[in-house]
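Text of query-v9.csv (CSV, C-alpha atoms and all ligand atoms) as supplied:
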chain,number,residue,atom,x,y,z
M,1,MET,CA,13.1,29.5,-25.9
M,2,GLU,CA,12.5,31.4,-29.2
M,3,SER,CA,16.1,31.8,-30.2
M,4,GLU,CA,16.7,28.1,-29.4
M,5,ALA,CA,13.8,27.0,-31.6
M,6,LEU,CA,15.0,29.3,-34.4
M,7,GLN,CA,18.6,27.9,-34.2
M,8,LEU,CA,17.2,24.3,-34.3
M,9,VAL,CA,15.1,24.9,-37.4
M,10,GLN,CA,17.9,26.8,-39.2
M,11,ASP,CA,20.4,24.0,-38.4
M,12,LEU,CA,17.8,21.4,-39.6
M,13,MET,CA,17.1,23.1,-42.9
M,14,ALA,CA,20.8,23.3,-43.7
M,15,ILE,CA,21.1,19.5,-43.5
M,16,PRO,CA,20.8,17.8,-46.9
M,17,GLY,CA,18.3,15.0,-46.6
M,18,LYS,CA,16.0,14.3,-49.5
M,19,SER,CA,13.8,11.3,-49.5
M,20,CYS,CA,15.8,8.0,-48.9
M,21,LEU,CA,18.8,10.0,-47.6
M,22,GLU,CA,17.5,11.1,-44.2
M,23,ARG,CA,20.2,9.5,-42.0
M,24,GLU,CA,22.1,12.7,-41.3
M,25,VAL,CA,18.8,14.3,-40.0
M,26,VAL,CA,18.1,11.3,-37.8
M,27,GLU,CA,21.7,11.6,-36.4
M,28,PHE,CA,21.3,15.3,-35.7
M,29,LEU,CA,18.0,14.6,-33.7
M,30,ARG,CA,19.6,11.7,-31.8
M,31,GLN,CA,22.6,13.8,-30.8
M,32,LYS,CA,20.4,16.7,-29.6
M,33,LEU,CA,18.3,14.3,-27.6
M,34,LEU,CA,21.2,12.4,-26.1
M,35,GLN,CA,22.8,15.7,-25.0
M,36,ALA,CA,19.6,16.7,-23.3
M,37,GLY,CA,19.7,13.5,-21.3
M,38,LEU,CA,17.2,11.3,-23.2
M,39,PRO,CA,18.2,7.6,-22.6
M,40,GLU,CA,19.2,5.7,-25.7
M,41,SER,CA,16.6,3.1,-24.7
M,42,SER,CA,13.7,5.6,-25.3
M,43,MET,CA,14.7,5.8,-29.0
M,44,MET,CA,14.4,3.5,-31.9
M,45,ILE,CA,15.0,3.6,-35.6
M,46,ASP,CA,12.5,1.4,-37.4
M,47,ASP,CA,13.1,-0.7,-40.5
M,48,SER,CA,10.4,0.8,-42.7
M,49,GLN,CA,12.9,1.5,-45.4
M,50,THR,CA,13.2,-2.2,-46.0
M,51,ARG,CA,9.5,-2.2,-47.1
M,52,SER,CA,10.0,0.8,-49.3
M,53,PRO,CA,10.4,0.2,-53.1
M,54,TYR,CA,13.1,2.8,-53.0
M,55,GLY,CA,15.2,1.4,-50.1
M,56,GLY,CA,16.9,4.2,-48.2
M,57,ASN,CA,19.8,4.8,-45.8
M,58,THR,CA,17.7,5.0,-42.6
M,59,GLY,CA,14.4,4.0,-41.1
M,60,SER,CA,12.1,6.4,-39.2
M,61,LEU,CA,13.0,7.7,-35.7
M,62,ILE,CA,10.5,7.0,-32.9
M,63,VAL,CA,10.9,8.2,-29.3
M,64,LYS,CA,8.4,6.9,-26.7
M,65,LEU,CA,8.1,8.5,-23.2
M,66,ALA,CA,6.1,6.9,-20.4
M,67,GLY,CA,3.5,9.2,-18.9
M,68,ARG,CA,4.3,11.4,-15.8
M,69,LYS,CA,0.6,12.2,-15.6
M,70,ARG,CA,-2.5,10.2,-16.6
M,71,GLY,CA,-4.2,10.4,-19.9
M,72,PRO,CA,-4.3,8.6,-23.3
M,73,ARG,CA,-1.0,8.4,-25.3
M,74,ARG,CA,-0.4,11.2,-27.7
M,75,LEU,CA,1.7,11.1,-30.8
M,76,LEU,CA,3.5,14.1,-32.5
M,77,MET,CA,4.8,13.5,-36.0
M,78,ALA,CA,6.6,15.3,-38.8
M,79,HIS,CA,8.3,13.9,-41.9
M,80,LEU,CA,12.1,14.1,-42.1
M,81,ASP,CA,12.6,14.3,-45.8
M,82,THR,CA,12.6,17.3,-48.2
M,83,VAL,CA,12.2,17.4,-52.0
M,84,PRO,CA,15.5,17.2,-53.9
M,85,LEU,CA,15.3,20.9,-54.8
M,86,CYS,CA,16.3,21.7,-51.2
M,87,VAL,CA,19.7,20.1,-51.3
M,88,GLY,CA,22.4,22.8,-51.1
M,89,CYS,CA,20.1,25.2,-49.3
M,90,GLN,CA,21.7,27.9,-47.2
M,91,PRO,CA,19.1,29.1,-44.7
M,92,VAL,CA,19.4,32.7,-43.7
M,93,ARG,CA,17.1,35.0,-41.7
M,94,ASP,CA,15.5,37.9,-43.6
M,95,ASN,CA,13.2,39.9,-41.3
M,96,ASP,CA,10.3,37.6,-40.3
M,97,VAL,CA,11.2,34.7,-42.7
M,98,PHE,CA,14.0,32.3,-43.3
M,99,ARG,CA,14.9,31.8,-47.0
M,100,SER,CA,17.7,30.1,-48.8
M,101,ALA,CA,20.7,32.3,-49.7
M,102,ASN,CA,21.4,29.8,-52.5
M,103,PRO,CA,18.9,31.1,-55.3
M,104,ALA,CA,18.9,27.7,-57.0
M,105,THR,CA,17.4,25.8,-54.0
M,106,ALA,CA,14.2,25.6,-52.0
M,107,LEU,CA,14.5,26.1,-48.3
M,108,GLY,CA,13.2,22.8,-46.8
M,109,ALA,CA,10.8,24.4,-44.4
M,110,ASP,CA,8.7,21.5,-45.7
M,111,ASN,CA,9.3,19.7,-43.6
M,112,ARG,CA,12.2,20.7,-41.3
M,113,GLY,CA,9.8,23.3,-39.8
M,114,GLY,CA,7.7,20.4,-38.6
M,115,VAL,CA,10.8,18.3,-37.6
M,116,ALA,CA,11.9,21.3,-35.4
M,117,VAL,CA,8.5,21.7,-33.8
M,118,LEU,CA,8.7,18.2,-32.5
M,119,LEU,CA,12.4,18.4,-31.5
M,120,HIS,CA,11.7,21.7,-29.7
M,121,SER,CA,8.7,20.2,-27.8
M,122,LEU,CA,10.7,17.2,-26.7
M,123,LEU,CA,13.7,19.2,-25.6
M,124,GLU,CA,11.4,21.5,-23.6
M,125,ILE,CA,10.0,18.5,-21.8
M,126,LEU,CA,13.5,17.2,-21.0
M,127,LYS,CA,15.1,20.5,-20.0
M,128,GLN,CA,12.2,21.9,-18.0
M,129,ASP,CA,11.1,18.5,-16.6
M,130,LEU,CA,7.6,19.2,-17.8
M,131,PRO,CA,4.9,16.7,-16.7
M,132,HIS,CA,3.2,15.0,-19.6
M,133,PRO,CA,0.9,12.0,-20.4
M,134,PRO,CA,2.4,9.1,-22.4
M,135,VAL,CA,3.7,10.6,-25.6
M,136,THR,CA,5.3,9.3,-28.8
M,137,PHE,CA,7.5,11.4,-31.2
M,138,PHE,CA,7.5,10.0,-34.7
M,139,TRP,CA,9.7,11.3,-37.5
M,140,PRO,CA,8.9,9.3,-40.6
M,141,ILE,CA,11.0,9.0,-43.7
M,142,GLN,CA,10.1,9.3,-47.4
M,143,GLU,CA,6.9,11.3,-47.3
M,144,GLU,CA,7.6,13.3,-50.5
M,145,ILE,CA,7.9,10.1,-52.6
M,146,GLY,CA,4.6,8.5,-51.5
M,147,LEU,CA,4.0,8.7,-47.7
M,148,LEU,CA,6.2,5.6,-47.3
M,149,GLY,CA,7.4,6.0,-43.8
M,150,ALA,CA,3.9,6.5,-42.5
M,151,ARG,CA,2.6,3.7,-44.7
M,152,HIS,CA,5.2,1.2,-43.6
M,153,VAL,CA,5.6,1.9,-39.9
M,154,LYS,CA,4.5,-0.9,-37.7
M,155,VAL,CA,1.6,0.5,-35.7
M,156,ALA,CA,2.7,-1.4,-32.6
M,157,ASP,CA,6.0,0.5,-32.6
M,158,LEU,CA,4.1,3.7,-32.0
M,159,GLY,CA,2.7,2.6,-28.6
M,160,ASN,CA,-1.0,2.7,-29.2
M,161,PRO,CA,-1.6,6.5,-29.3
M,162,LYS,CA,-5.2,7.9,-29.2
M,163,LEU,CA,-4.5,11.5,-30.3
M,164,CYS,CA,-2.2,12.1,-33.1
M,165,PHE,CA,-0.8,15.4,-34.5
M,166,ASN,CA,1.2,15.9,-37.6
M,167,TRP,CA,3.1,19.1,-38.6
M,168,ASP,CA,3.3,19.7,-42.3
M,169,GLY,CA,1.8,23.0,-43.6
M,170,GLY,CA,1.6,26.7,-43.4
M,171,SER,CA,-0.9,28.4,-41.0
M,172,PRO,CA,-0.5,27.5,-37.3
M,173,GLN,CA,-4.2,27.9,-36.6
M,174,MET,CA,-5.4,25.7,-39.4
M,175,ALA,CA,-6.2,22.1,-38.5
M,176,CYS,CA,-6.5,19.8,-41.5
M,177,ILE,CA,-8.9,17.0,-40.6
M,178,GLY,CA,-9.3,15.2,-43.9
M,179,ALA,CA,-7.5,14.6,-47.2
M,180,THR,CA,-8.2,13.2,-50.6
M,181,GLY,CA,-7.3,9.7,-51.8
M,182,ALA,CA,-5.5,8.8,-55.0
M,183,TYR,CA,-4.8,6.1,-57.4
M,184,HIS,CA,-1.5,5.9,-59.4
M,185,ILE,CA,-2.2,4.6,-62.9
M,186,GLU,CA,0.2,3.0,-65.4
M,187,VAL,CA,-0.8,2.3,-69.0
M,188,GLN,CA,1.4,0.3,-71.3
M,189,ILE,CA,0.1,0.5,-74.9
M,190,ALA,CA,1.2,-2.2,-77.3
M,191,GLY,CA,0.8,-1.3,-80.9
M,192,ILE,CA,2.1,-3.2,-83.9
M,193,ALA,CA,5.3,-2.1,-85.6
M,194,SER,CA,5.5,-1.7,-89.4
M,195,HIS,CA,7.5,0.3,-91.9
M,196,ALA,CA,5.8,3.7,-91.8
M,197,GLY,CA,6.6,4.5,-95.5
M,198,VAL,CA,6.3,1.1,-97.1
M,199,HIS,CA,3.4,-0.6,-95.2
M,200,PRO,CA,1.9,1.8,-92.6
M,201,GLU,CA,-1.4,-0.1,-93.0
M,202,GLN,CA,0.2,-3.2,-91.5
M,203,GLY,CA,0.9,-1.4,-88.3
M,204,ALA,CA,-1.2,-0.2,-85.4
M,205,SER,CA,0.2,3.0,-83.8
M,206,ALA,CA,0.5,3.0,-80.0
M,207,ILE,CA,0.8,6.8,-80.3
M,208,ALA,CA,-2.5,7.0,-82.1
M,209,ILE,CA,-4.1,4.9,-79.4
M,210,ALA,CA,-2.8,7.2,-76.7
M,211,GLY,CA,-4.0,10.2,-78.7
M,212,LEU,CA,-7.5,8.9,-79.0
M,213,ALA,CA,-7.8,7.9,-75.4
M,214,ILE,CA,-6.5,11.3,-74.1
M,215,ALA,CA,-8.9,13.2,-76.5
M,216,ASP,CA,-11.8,11.0,-75.2
M,217,LEU,CA,-10.9,11.7,-71.6
M,218,GLN,CA,-10.4,15.4,-72.2
M,219,GLN,CA,-13.6,15.9,-74.3
M,220,ASN,CA,-15.8,14.0,-71.9
M,221,GLY,CA,-14.6,15.9,-68.8
M,222,TRP,CA,-12.5,13.1,-67.2
M,223,HIS,CA,-9.2,15.0,-67.4
M,224,GLY,CA,-8.1,17.8,-65.1
M,225,LEU,CA,-10.8,19.2,-62.7
M,226,ILE,CA,-13.7,16.8,-62.8
M,227,LYS,CA,-17.3,17.7,-61.9
M,228,LYS,CA,-20.1,15.2,-62.5
M,229,GLY,CA,-23.2,16.3,-60.7
M,230,ARG,CA,-22.3,16.6,-57.1
M,231,LYS,CA,-19.2,14.4,-57.4
M,232,THR,CA,-15.8,16.0,-57.8
M,233,GLY,CA,-12.3,14.8,-58.4
M,234,THR,CA,-9.1,15.5,-60.4
M,235,SER,CA,-7.0,13.6,-62.8
M,236,ASN,CA,-3.7,14.2,-64.6
M,237,ILE,CA,-1.8,12.3,-67.3
M,238,GLY,CA,1.7,13.3,-66.2
M,239,VAL,CA,4.0,11.1,-68.2
M,240,ILE,CA,4.0,9.9,-71.8
M,241,ALA,CA,6.9,8.2,-73.4
M,242,GLY,CA,7.4,6.2,-76.5
M,243,GLY,CA,8.6,5.9,-80.1
M,244,ASP,CA,12.2,6.2,-81.4
M,245,ALA,CA,11.9,6.8,-85.2
M,246,THR,CA,9.6,8.5,-87.7
M,247,ASN,CA,9.9,5.6,-90.2
M,248,VAL,CA,8.4,3.0,-87.8
M,249,VAL,CA,4.8,2.8,-86.7
M,250,THR,CA,5.2,3.0,-83.0
M,251,SER,CA,4.7,-0.2,-81.1
M,252,SER,CA,5.1,0.9,-77.5
M,253,VAL,CA,3.9,3.9,-75.4
M,254,ARG,CA,3.9,4.2,-71.7
M,255,LEU,CA,1.7,6.7,-69.7
M,256,ALA,CA,1.5,7.4,-66.1
M,257,ALA,CA,-1.4,9.2,-64.5
M,258,GLU,CA,-3.2,9.9,-61.3
M,259,VAL,CA,-6.8,10.3,-60.2
M,260,ARG,CA,-7.9,11.8,-56.9
M,261,SER,CA,-11.2,12.2,-55.1
M,262,HIS,CA,-12.4,12.5,-51.5
M,263,ASP,CA,-15.2,10.0,-52.4
M,264,PRO,CA,-13.8,6.5,-52.7
M,265,LYS,CA,-16.5,5.3,-55.0
M,266,PHE,CA,-16.1,8.2,-57.4
M,267,ARG,CA,-12.3,7.8,-57.3
M,268,GLU,CA,-12.9,4.2,-58.5
M,269,ARG,CA,-15.2,5.4,-61.2
M,270,LEU,CA,-12.5,7.8,-62.4
M,271,MET,CA,-10.0,5.0,-62.5
M,272,ASN,CA,-12.4,2.9,-64.5
M,273,GLU,CA,-13.2,5.8,-67.0
M,274,PHE,CA,-9.4,5.9,-67.7
M,275,ARG,CA,-9.3,2.1,-68.2
M,276,LYS,CA,-12.3,2.2,-70.6
M,277,ALA,CA,-11.0,5.1,-72.6
M,278,PHE,CA,-7.7,3.3,-73.3
M,279,GLU,CA,-9.5,0.0,-74.1
M,280,ARG,CA,-11.8,1.7,-76.5
M,281,ALA,CA,-9.0,3.5,-78.2
M,282,ALA,CA,-6.9,0.3,-78.6
M,283,LYS,CA,-9.9,-1.3,-80.4
M,284,GLN,CA,-10.2,1.5,-82.8
M,285,VAL,CA,-6.6,1.3,-84.1
M,286,ARG,CA,-6.0,-1.8,-86.2
M,287,THR,CA,-3.8,-3.2,-88.8
M,288,ASP,CA,-5.3,-3.9,-92.3
M,289,ALA,CA,-5.7,-7.5,-91.2
M,290,GLY,CA,-7.9,-6.3,-88.4
M,291,GLU,CA,-5.5,-6.8,-85.5
M,292,PRO,CA,-6.0,-4.2,-82.8
M,293,GLY,CA,-3.5,-2.7,-80.4
M,294,ARG,CA,-3.6,-3.8,-76.8
M,295,ILE,CA,-3.2,-2.2,-73.4
M,296,GLU,CA,-2.0,-3.2,-70.1
M,297,PHE,CA,-3.6,-1.1,-67.3
M,298,LYS,CA,-2.5,-1.0,-63.7
M,299,ALA,CA,-3.9,1.1,-60.9
M,300,GLU,CA,-2.6,1.2,-57.4
M,301,LEU,CA,-4.1,3.0,-54.4
M,302,LYS,CA,-1.5,5.5,-53.4
M,303,TYR,CA,-3.4,6.6,-50.3
M,304,GLU,CA,-7.0,6.3,-48.9
M,305,SER,CA,-9.0,9.5,-48.2
M,306,PHE,CA,-10.1,10.2,-44.7
M,307,LYS,CA,-12.2,12.7,-42.8
M,308,LEU,CA,-12.2,13.1,-39.0
M,309,ASP,CA,-15.3,14.1,-37.2
M,310,GLU,CA,-15.0,17.5,-35.5
M,311,THR,CA,-15.9,15.8,-32.2
M,312,GLU,CA,-12.9,13.5,-32.5
M,313,PRO,CA,-10.6,14.1,-29.4
M,314,ALA,CA,-7.5,14.9,-31.5
M,315,VAL,CA,-9.5,17.6,-33.4
M,316,GLN,CA,-10.9,19.1,-30.2
M,317,GLU,CA,-7.5,19.0,-28.5
M,318,ALA,CA,-5.8,20.7,-31.5
M,319,GLN,CA,-8.3,23.5,-31.4
M,320,ARG,CA,-8.0,23.9,-27.7
M,321,ALA,CA,-4.2,24.3,-28.0
M,322,ILE,CA,-4.6,26.8,-30.8
M,323,ARG,CA,-7.0,28.9,-28.8
M,324,MET,CA,-4.6,28.7,-25.8
M,325,ILE,CA,-1.9,30.6,-27.7
M,326,GLY,CA,-4.4,33.3,-28.7
M,327,LEU,CA,-5.3,32.2,-32.2
M,328,GLN,CA,-8.7,31.4,-33.7
M,329,PRO,CA,-8.7,27.8,-34.9
M,330,SER,CA,-10.2,26.7,-38.2
M,331,VAL,CA,-10.5,23.4,-40.0
M,332,ARG,CA,-9.9,22.3,-43.6
M,333,ILE,CA,-9.8,19.3,-45.9
M,334,SER,CA,-6.7,18.8,-48.1
M,335,ASN,CA,-6.6,18.0,-51.8
M,336,GLY,CA,-3.2,16.5,-51.4
M,337,GLY,CA,-2.1,13.3,-49.6
M,338,LEU,CA,-0.5,13.5,-46.2
M,339,ASP,CA,1.2,11.1,-43.8
M,340,ALA,CA,-2.0,11.5,-41.8
M,341,ASN,CA,-3.9,9.6,-44.6
M,342,TRP,CA,-2.0,6.4,-43.7
M,343,LEU,CA,-2.2,6.8,-40.0
M,344,SER,CA,-5.9,7.7,-40.0
M,345,SER,CA,-6.8,4.9,-42.4
M,346,ARG,CA,-4.9,2.5,-40.1
M,347,GLY,CA,-6.9,3.5,-37.0
M,348,LEU,CA,-4.9,6.4,-35.7
M,349,PRO,CA,-6.9,9.6,-36.2
M,350,THR,CA,-4.4,12.3,-37.1
M,351,VAL,CA,-4.8,16.1,-37.3
M,352,THR,CA,-2.3,18.0,-39.5
M,353,LEU,CA,-1.2,21.5,-38.4
M,354,GLY,CA,0.9,24.2,-40.0
M,355,CYS,CA,4.3,25.4,-39.0
M,356,GLY,CA,5.0,28.4,-41.2
M,357,GLN,CA,5.8,26.8,-44.5
M,358,GLN,CA,5.3,29.1,-47.5
M,359,ASP,CA,5.7,28.4,-51.3
M,360,VAL,CA,6.9,24.8,-50.7
M,361,HIS,CA,8.7,22.9,-53.4
M,362,THR,CA,9.8,26.1,-55.1
M,363,VAL,CA,13.0,28.2,-55.0
M,364,LYS,CA,10.8,31.0,-53.4
M,365,GLU,CA,10.1,28.8,-50.4
M,366,THR,CA,10.3,30.6,-47.0
M,367,LEU,CA,9.6,29.8,-43.3
M,368,HIS,CA,7.3,32.4,-41.7
M,369,ILE,CA,9.0,32.9,-38.3
M,370,PRO,CA,6.0,34.1,-36.2
M,371,SER,CA,3.9,31.1,-37.5
M,372,PHE,CA,6.8,28.7,-36.8
M,373,LEU,CA,7.1,30.0,-33.2
M,374,ALA,CA,3.3,29.7,-32.8
M,375,ALA,CA,3.5,26.1,-33.9
M,376,CYS,CA,6.3,25.5,-31.4
M,377,ARG,CA,4.0,26.7,-28.6
M,378,VAL,CA,1.1,24.6,-29.8
M,379,GLY,CA,3.5,21.6,-30.0
M,380,VAL,CA,4.5,22.0,-26.3
M,381,ILE,CA,0.9,22.2,-25.3
M,382,LEU,CA,-0.1,19.1,-27.3
M,383,ALA,CA,2.9,17.1,-26.1
M,384,THR,CA,2.3,17.8,-22.5
M,385,ALA,CA,-1.5,18.1,-22.5
M,386,GLY,CA,-0.6,21.5,-21.0
M,387,VAL,CA,-3.0,24.1,-19.7
M,401,ZN,ZN,5.7,18.1,-46.5
Can you present the structure in this file as structure tokens?
Amino acid sequence: MESEALQLVQDLMAIPGKSCLEREVVEFLRQKLLQAGLPESSMMIDDSQTRSPYGGNTGSLIVKLAGRKRGPRRLLMAHLDTVPLCVGCQPVRDNDVFRSANPATALGADNRGGVAVLLHSLLEILKQDLPHPPVTFFWPIQEEIGLLGARHVKVADLGNPKLCFNWDGGSPQMACIGATGAYHIEVQIAGIASHAGVHPEQGASAIAIAGLAIADLQQNGWHGLIKKGRKTGTSNIGVIAGGDATNVVTSSVRLAAEVRSHDPKFRERLMNEFRKAFERAAKQVRTDAGEPGRIEFKAELKYESFKLDETEPAVQEAQRAIRMIGLQPSVRISNGGLDANWLSSRGLPTVTLGCGQQDVHTVKETLHIPSFLAACRVGVILATAGV
């Protein structure tokens, strides 16, 4: 069982499949499942890519099995895509880890480790004819570019699961039961152009407006790690672009930023502090005729925060499975967004578990083999409601 699981994950990590180009990974999974005797009629590829702003060459893969024992439907999920840095990876084993022999790439343990945990669990069910309750296997596309497969799946296609488990992380005994929420912010600053040498006073600099707004946010504690009383959050202005000549007062600057907080009200406050800072700055920068700059401010909810109760059946069941393989379960809350955010906020409480990922999104990325194998054992228990 161990060598098969390791072969699966090694093969999966070698397949290029960054966000929007996951079709080859889907085809690999389909072939493995067909060879193991899964009927074509149990599989579907959804059309979530048609609702993604980025398109994509495939939808998400969903496999639904009817129950062979009683119990609520379970769902196991793991996103298919990797970050672009993984393309060209050559996974090799190096003692108790896999790493990429190509030093210019990441490995793609995030998230082919998770993809392999699901595939291995389903193959074990098929090959050993294991009894199981109704169970859905869900491999969503496009997690890395905004949780889009999980966001755009039709919940009806998942078969009404009651307990959901997502693999995307490191430690196999850690159950992530909540995650932060985030807004994406776009600010378009419209200044007024003028000759910078002849009539600078007739212009209003969009760069000056951006500078004032950023200084305001930074000095008042609204940029970076944010702590206001007992409320916490983070923010980051990650993109700034504008201007094309030194002899023109700059008329256009675009910024992109994000704000995050577990607290939806405080997250909205952060977003509004950003809006107000840019509005104030735009009013301060005027032409000699008194005409101010203007801003266009857009904020979009990227994902809602969630927190599952520790009495939630999925949380209890995940902890039971972890104990069964001899590990001590612990729970945590994530400061990043997960596919679980979208499922949980759409009424499907989802616990996220680790599968041995280390140093993800870097060229140092590895897959910790003992952790991956532990996740495979947890996966089989959760898929089968095993004892
Ligand atoms: Zn991931």
With 8 Å as the cut-off and only C-alpha atoms counted, what is the closest atom pair between each nearby residue of stretch 166-236 of chain M and stretch 243-248 of chain M? Distances in Å to one decimal, ordered by chain and number, as CSV.
residue,atom,partner,partner_atom,distance
M:Ala193,CA,M:Val248,CA,6.4
M:Ser194,CA,M:Val248,CA,5.7
M:His195,CA,M:Val248,CA,5.0
M:Ala196,CA,M:Asn247,CA,4.8
M:Gly197,CA,M:Asn247,CA,6.3
M:Ile207,CA,M:Gly243,CA,7.9
Environment of ligand ZN 401 (chain M) within 6 Å, counting only C-alpha atoms and all ligand atoms, reported as an MDAnalysis selection string:
chainID M and resid 110:111 168
Would you please work out which residue, of M:Gly149, M:Pro161, M:Pro200, M:Gly169, is nearest to M:Ser60 when using only C-alpha atoms?
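Counting only C-alpha atoms, the residue closest to M:Ser60 is M:Gly149.
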Using only C-alpha atoms, find the one residue out of M:His199, M:Asp81, M:Val9, M:Ser41 that sits nearest to M:Asp288.
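Using only C-alpha atoms, M:Asp288 sits closest to M:His199.
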Tell me which of M:Ser235, M:Thr58, M:Ser261, M:Ser19 sits closest to M:Gly108, counting only C-alpha atoms.
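Closest candidate: M:Ser19.
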Distance query M:Gly178 at most 10 Å, all atoms listed in the file, self and fewer than 3 positions along chain excluded, as JSON, numbers by chain
{"M": [175, 181, 262, 305, 306, 307, 308, 309, 331, 332, 333, 334, 335, 336, 337, 338, 340, 341, 344, 349, 350, 351, 352]}
How would the residues just chosen look if you wrote them out with C-alpha atoms as a compact mmCIF listing (two decimals), in the frame of the given file?
# COMPACT_ATOMS: atom_id res chain seq x y z
CA ALA M 175 -6.20 22.10 -38.50
CA GLY M 181 -7.30 9.70 -51.80
CA HIS M 262 -12.40 12.50 -51.50
CA SER M 305 -9.00 9.50 -48.20
CA PHE M 306 -10.10 10.20 -44.70
CA LYS M 307 -12.20 12.70 -42.80
CA LEU M 308 -12.20 13.10 -39.00
CA ASP M 309 -15.30 14.10 -37.20
CA VAL M 331 -10.50 23.40 -40.00
CA ARG M 332 -9.90 22.30 -43.60
CA ILE M 333 -9.80 19.30 -45.90
CA SER M 334 -6.70 18.80 -48.10
CA ASN M 335 -6.60 18.00 -51.80
CA GLY M 336 -3.20 16.50 -51.40
CA GLY M 337 -2.10 13.30 -49.60
CA LEU M 338 -0.50 13.50 -46.20
CA ALA M 340 -2.00 11.50 -41.80
CA ASN M 341 -3.90 9.60 -44.60
CA SER M 344 -5.90 7.70 -40.00
CA PRO M 349 -6.90 9.60 -36.20
CA THR M 350 -4.40 12.30 -37.10
CA VAL M 351 -4.80 16.10 -37.30
CA THR M 352 -2.30 18.00 -39.50
Which polymer residues, protein or nucleic acid, are no farther than 12 Å from (-4.7, -5.9, -82.6), counting all atoms listed in the file, as a list of chain:residue names?
M:Ile189, M:Ala190, M:Gly191, M:Ile192, M:Ala193, M:Gln202, M:Gly203, M:Ala204, M:Ser205, M:Ala206, M:Ile209, M:Ser251, M:Glu279, M:Ala281, M:Ala282, M:Lys283, M:Gln284, M:Val285, M:Arg286, M:Thr287, M:Asp288, M:Ala289, M:Gly290, M:Glu291, M:Pro292, M:Gly293, M:Arg294, M:Ile295
Stretch 245-326 of chain M near stretch 73-79 of chain M within 12 Å: what's each residue's closest atom pair and its distance in Å to one decimal, counting all atoms listed in the file, ordered by chain then ascending residue number, as JSON lines?
{"residue": "M:Pro313", "atom": "CA", "partner": "M:Arg74", "partner_atom": "CA", "distance": 10.7}
{"residue": "M:Ala314", "atom": "CA", "partner": "M:Arg74", "partner_atom": "CA", "distance": 8.9}
{"residue": "M:Glu317", "atom": "CA", "partner": "M:Arg74", "partner_atom": "CA", "distance": 10.6}
{"residue": "M:Ala318", "atom": "CA", "partner": "M:Leu76", "partner_atom": "CA", "distance": 11.4}
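Of the residues listed (M:Val153, M:Ala277, M:Ala36, M:Val259), M:Ala277 shows the shortest atom-to-atom separation from M:Gly211; distances use only C-alpha atoms.
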Considering all atoms listed in the file, state which residue in the set M:Ile62, M:Leu212, M:Ile226, M:Ala116 is at the smallest distance from M:Asp46.
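Using all atoms listed in the file, M:Asp46 sits closest to M:Ile62.
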Which one of M:Leu6, M:Leu34, M:Ala156, M:Gly224 sits closest to M:Lys127 if you count only C-alpha atoms?
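Checking each candidate against M:Lys127, we get M:Leu34 as the closest.
Here atom CA of M:Arg323 stands at a distance of 27.4 Å from atom CA of M:Val63.
The coordinates place atom CA of M:Ile325 at 26.0 Å from atom CA of M:Leu80.
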Distance query 9 Å from (8.4, 32.6, -41.9) using only C-alpha atoms, result as a ChimeraX atom specification
/M:95-99,109,355-358,366-372
Quick one: pull the distance between atom CA of M:Arg260 and atom CA of M:Thr234, Å, one decimal.
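Interatomic distance here is 5.2 Å.
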Mind checking which residues fall within 8 Å of M:Leu147, counting all atoms listed in the file, ignoring those fewer than 3 positions away in the same chain, and posting them as an MDAnalysis selection string?
chainID M and resid 142:144 150:151 337:339 342
Considering only C-alpha atoms, return as a ChimeraX atom specification whatever protein or nucleic-acid residues lie within 7 Å of M:Pro133, sequence-local ones (same chain, fewer than 3 positions apart) excluded.
/M:67-73,384-385
Write a file for stretch 207-220 of chain M, containing C-alpha atoms (output as a compact mmCIF listing (two decimals), in the first residue's frame).
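Output file decode_7.txt follows:
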# COMPACT_ATOMS: atom_id res chain seq x y z
CA ILE M 207 1.46 59.68 -7.41
CA ALA M 208 1.29 62.33 -4.68
CA ILE M 209 -2.25 61.19 -3.85
CA ALA M 210 -1.09 57.57 -3.60
CA GLY M 211 1.84 58.63 -1.41
CA LEU M 212 -0.33 60.58 1.03
CA ALA M 213 -2.87 57.77 1.29
CA ILE M 214 -0.23 55.11 1.91
CA ALA M 215 1.55 57.25 4.51
CA ASP M 216 -1.78 57.86 6.25
CA LEU M 217 -2.57 54.12 6.39
CA GLN M 218 0.94 53.23 7.52
CA GLN M 219 1.17 55.91 10.23
CA ASN M 220 -2.25 55.15 11.64
